[in-house]
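Undergrad: Okay, handing you the structure first.
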Amino acid sequence: MRFLLPLAAFIVLVGFLAVGLGLKPREIPSPLVGKPAPVFQSPRLHEPDQILSSKDNLGKVWLLNVWASWCVSCREEHPLLVELSKSGIVPIYGLNYKDKPELALQWLGQYGDPYTVSVVDPEGRIGIDYGVYGVPETYVIDKNGVIRHKQIGPVTIESLEKKILPLIKELQG
Amino acid sequence: MTPDLLNTCVRKKITLMLILALMSPLSWAKEAAPVAEDPVIEKRMLALSEDLRCLVCQNESLAGSRADFANDLRREIREQLKEGKKDQEIIDFLVTRYGDFVLYNPPIKPTTYLLWIGPFAFLLIGAGILFFYLKMRRRQVEEPPLTEDQHRHAESLLKEDKGNNA
């Protein structure tokens with residue numbers, strides 16, 4: 001009994017700490033999940049004289065990937081996105097966030113361009129509408145234009161296989 | 001020169017030096033130019049962003065953070081204030097995009113019950129444990145009465161001690 005109580009308290013403490021270690025305080029759940037994706041109209045990166053409206057994507061499942069040439073972790077996820085785009089499972093649209101077009105184009109030339117279309121957001125205004133606070137971020141948007149999932153930080157093989165791909169399959173079905 | 005005269009002399013010199021210092025070009029330089037032209041809006045923006053959290057550096061307020069992200073949001077708040085929006089409208093705008101997490105003063109609702117009530121609950125639990133612990137200890141500390149034999153033994157020991165000291 002003398003050791004039982006401190007031991008129990010210790011185990012409870014370790015339990016709390018173990019859970020705490022697994023939490024990711026950087027990943028703040030987005031209130032936009034389950035809500036219609038904010039509509040944007042913005043010039044394309046490759047053809048600045050053409051405007052892309054997010055409404056054009058109604059009726060299909062698509063990914064919106066927020067990226068920038070200055071973003072280091074974007075490089076981390078980039079090969080995966082290139083591979084995903086080659087598979088043709090889902091179109092990936094890029095939101096070139098607070099970037100310079102010439103640097104962005106050079107970056108795509110160097111690492112490959114997985115995007116069906118990239119639109120530019122030089123001042124981060126579309127970013128604010130989508131609640132972007134750390135690049136890269138990836139949104140899964142369904143046929144009705146509703147955000148179904150938000151990935152904060154780089155897409156990984158694990159997050160693709162466990163969450164994003166099954167969700168896309170379900171939404172496309 | 002009498003000390004008095006010397007004093008006036010020194011004083012005059014000091015005054016002259018002060019005047020010269022004030023006239024130097026440096027002293028004419030203005031303070032850093034304000035970022036926005038309108039001081040009223042700037043003041044409201046600062047007051048508002050004191051209570052909002054920067055999501056990039058989570059321990060800083062939007063007002064205090066130098067992150068690029070905080071800059072953008074401050075610009076957004078400034079613009080919306082210029083459009084004549086109310087503080088609450090701007091807070092709602094940010095909460096729909098970033099969630100309650102941006103608020104340093106989150107609303108009381110089921111998801112934040114633990115946050116608001118938790119500390120008091122822990123205080124109560126702690127006070128309860130302390131109360132029972134003290135009660136238990138008092139019972140343990142109470143001296144059990146000595147038996148007749150122990151009494152005699154103790155007395156003889158005390159006597160012996162006195163004898164030694166004398």
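Chain labels follow the order of the structure tokens: the first chain is A, the next B, and so on; residue numbering restarts at 1 in every chain, and ligands are counted from 1 in their shown order.
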Need to verify the contact set: range 124-127 of chain A, 10 Å, only C-alpha atoms, exclusion of same-chain residues closer than 5 positions in sequence. Can you return it as a PDB file with C-alpha atoms, in the first residue's frame?

TA:
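Just written: around-v3.pdb:
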```pdb
ATOM      1  CA  PRO A  38     -13.685  29.123 -50.381  1.00  0.00           C
ATOM      2  CA  VAL A  39     -14.105  30.193 -53.984  1.00  0.00           C
ATOM      3  CA  PHE A  40     -11.124  31.802 -55.656  1.00  0.00           C
ATOM      4  CA  GLN A  41     -10.364  33.259 -59.032  1.00  0.00           C
ATOM      5  CA  SER A  42      -6.747  33.761 -59.725  1.00  0.00           C
ATOM      6  CA  VAL A  66      -0.338  24.936 -51.242  1.00  0.00           C
ATOM      7  CA  LEU A  95      -1.703  27.239 -55.015  1.00  0.00           C
ATOM      8  CA  ASN A  96       1.589  29.047 -55.412  1.00  0.00           C
ATOM      9  CA  TYR A  97       1.613  30.861 -52.080  1.00  0.00           C
ATOM     10  CA  LYS A  98       3.476  34.145 -51.603  1.00  0.00           C
ATOM     11  CA  ASP A  99       6.008  33.376 -54.253  1.00  0.00           C
ATOM     12  CA  VAL A 132      -3.308  28.356 -44.461  1.00  0.00           C
ATOM     13  CA  TYR A 133      -0.691  28.985 -41.805  1.00  0.00           C
ATOM     14  CA  GLY A 134       2.117  26.655 -42.716  1.00  0.00           C
ATOM     15  CA  VAL A 135       3.169  25.556 -46.154  1.00  0.00           C
ATOM     16  CA  GLU A 137      -0.832  22.175 -46.898  1.00  0.00           C
TER      17      GLU A 137
ATOM     18  CA  PHE B  69       1.997  35.112 -41.358  1.00  0.00           C
ATOM     19  CA  ASP B  72      -0.442  39.185 -43.382  1.00  0.00           C
ATOM     20  CA  LEU B  73      -3.182  38.827 -40.806  1.00  0.00           C
ATOM     21  CA  GLU B  76      -6.070  41.822 -43.285  1.00  0.00           C
ATOM     22  CA  ARG B  97     -10.848  30.143 -41.036  1.00  0.00           C
TER      23      ARG B  97
END
```

Undergrad: At a cut-off of 7 Å, list the chain A residues touching chain B, using only C-alpha atoms, as a PyMOL selection string.

TA: chain A and resi 30-32+129-131+133-134

Undergrad: For Leu58 in chain A, which residue out of A:Ile147, A:Leu13, A:Val33, A:Met1 is the nearest one, using only C-alpha atoms?

TA: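 Closest residue, counting only C-alpha atoms: A:Ile147.
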
Undergrad: If you run DSSP on the backbone, which residues of range 16-105 of chain A are strand (DSSP E), as a VMD selection string?

TA: chain A and resid 41 to 43 51 to 53 62 to 67 92 to 97

Undergrad: Put those residues in a file: N, CA and C atoms, as an mmCIF file, in the first residue's frame.

TA:
```cif
data_model
loop_
_atom_site.group_PDB
_atom_site.id
_atom_site.type_symbol
_atom_site.label_atom_id
_atom_site.label_comp_id
_atom_site.auth_asym_id
_atom_site.auth_seq_id
_atom_site.Cartn_x
_atom_site.Cartn_y
_atom_site.Cartn_z
ATOM 1 N N GLN A 41 -10.641 33.045 -57.617
ATOM 2 C CA GLN A 41 -10.364 33.259 -59.032
ATOM 3 C C GLN A 41 -9.010 33.911 -59.096
ATOM 4 N N SER A 42 -8.097 33.230 -59.762
ATOM 5 C CA SER A 42 -6.747 33.761 -59.725
ATOM 6 C C SER A 42 -6.007 33.420 -61.011
ATOM 7 N N PRO A 43 -5.051 34.260 -61.385
ATOM 8 C CA PRO A 43 -4.276 33.983 -62.604
ATOM 9 C C PRO A 43 -3.484 32.686 -62.475
ATOM 10 N N ILE A 51 -7.431 33.205 -66.158
ATOM 11 C CA ILE A 51 -7.898 33.109 -64.773
ATOM 12 C C ILE A 51 -8.493 31.721 -64.552
ATOM 13 N N LEU A 52 -8.145 31.124 -63.420
ATOM 14 C CA LEU A 52 -8.789 29.872 -63.058
ATOM 15 C C LEU A 52 -9.750 30.142 -61.903
ATOM 16 N N SER A 53 -10.957 29.610 -62.058
ATOM 17 C CA SER A 53 -11.905 29.730 -60.959
ATOM 18 C C SER A 53 -12.045 28.361 -60.311
ATOM 19 N N TRP A 62 -10.760 16.735 -56.265
ATOM 20 C CA TRP A 62 -9.433 17.291 -56.579
ATOM 21 C C TRP A 62 -8.664 17.645 -55.327
ATOM 22 N N LEU A 63 -7.369 17.739 -55.521
ATOM 23 C CA LEU A 63 -6.500 18.141 -54.412
ATOM 24 C C LEU A 63 -6.047 19.575 -54.648
ATOM 25 N N LEU A 64 -6.014 20.337 -53.570
ATOM 26 C CA LEU A 64 -5.410 21.659 -53.653
ATOM 27 C C LEU A 64 -4.170 21.621 -52.775
ATOM 28 N N ASN A 65 -3.025 21.790 -53.431
ATOM 29 C CA ASN A 65 -1.757 21.733 -52.704
ATOM 30 C C ASN A 65 -1.151 23.131 -52.645
ATOM 31 N N VAL A 66 -0.920 23.608 -51.420
ATOM 32 C CA VAL A 66 -0.338 24.936 -51.242
ATOM 33 C C VAL A 66 1.180 24.778 -51.208
ATOM 34 N N TRP A 67 1.854 25.469 -52.100
ATOM 35 C CA TRP A 67 3.308 25.293 -52.182
ATOM 36 C C TRP A 67 3.992 26.618 -52.505
ATOM 37 N N ILE A 92 -4.228 17.309 -59.270
ATOM 38 C CA ILE A 92 -3.671 18.143 -58.208
ATOM 39 C C ILE A 92 -3.577 19.574 -58.724
ATOM 40 N N TYR A 93 -4.221 20.471 -58.010
ATOM 41 C CA TYR A 93 -4.108 21.889 -58.342
ATOM 42 C C TYR A 93 -3.172 22.533 -57.343
ATOM 43 N N GLY A 94 -2.316 23.403 -57.847
ATOM 44 C CA GLY A 94 -1.342 24.042 -56.967
ATOM 45 C C GLY A 94 -1.762 25.459 -56.641
ATOM 46 N N LEU A 95 -1.532 25.841 -55.392
ATOM 47 C CA LEU A 95 -1.703 27.239 -55.015
ATOM 48 C C LEU A 95 -0.308 27.746 -54.679
ATOM 49 N N ASN A 96 0.231 28.537 -55.600
ATOM 50 C CA ASN A 96 1.589 29.047 -55.412
ATOM 51 C C ASN A 96 1.520 30.237 -54.464
ATOM 52 N N TYR A 97 1.900 29.957 -53.205
ATOM 53 C CA TYR A 97 1.613 30.861 -52.080
ATOM 54 C C TYR A 97 2.760 31.817 -51.819
#
```

Undergrad: Go ahead and compute the interatomic distance for CA of Arg44 in chain B and CA of Asp87 in chain B, in Å to one decimal.

TA: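 So the answer is 8.4 Å.
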
Undergrad: Go ahead and compute the interatomic distance for CA of Leu80 in chain A and CA of His149 in chain A, in Å to one decimal.

TA: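 So the two atoms, CA of Leu80 in chain A and CA of His149 in chain A, lie 17.9 Å apart.
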
Undergrad: Which distance in Å separates CA of Pro106 in chain B and CA of Gln88 in chain B, to one decimal?

TA: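 If I compute the distance from CA of Pro106 in chain B to CA of Gln88 in chain B, I get 13.4 Å.
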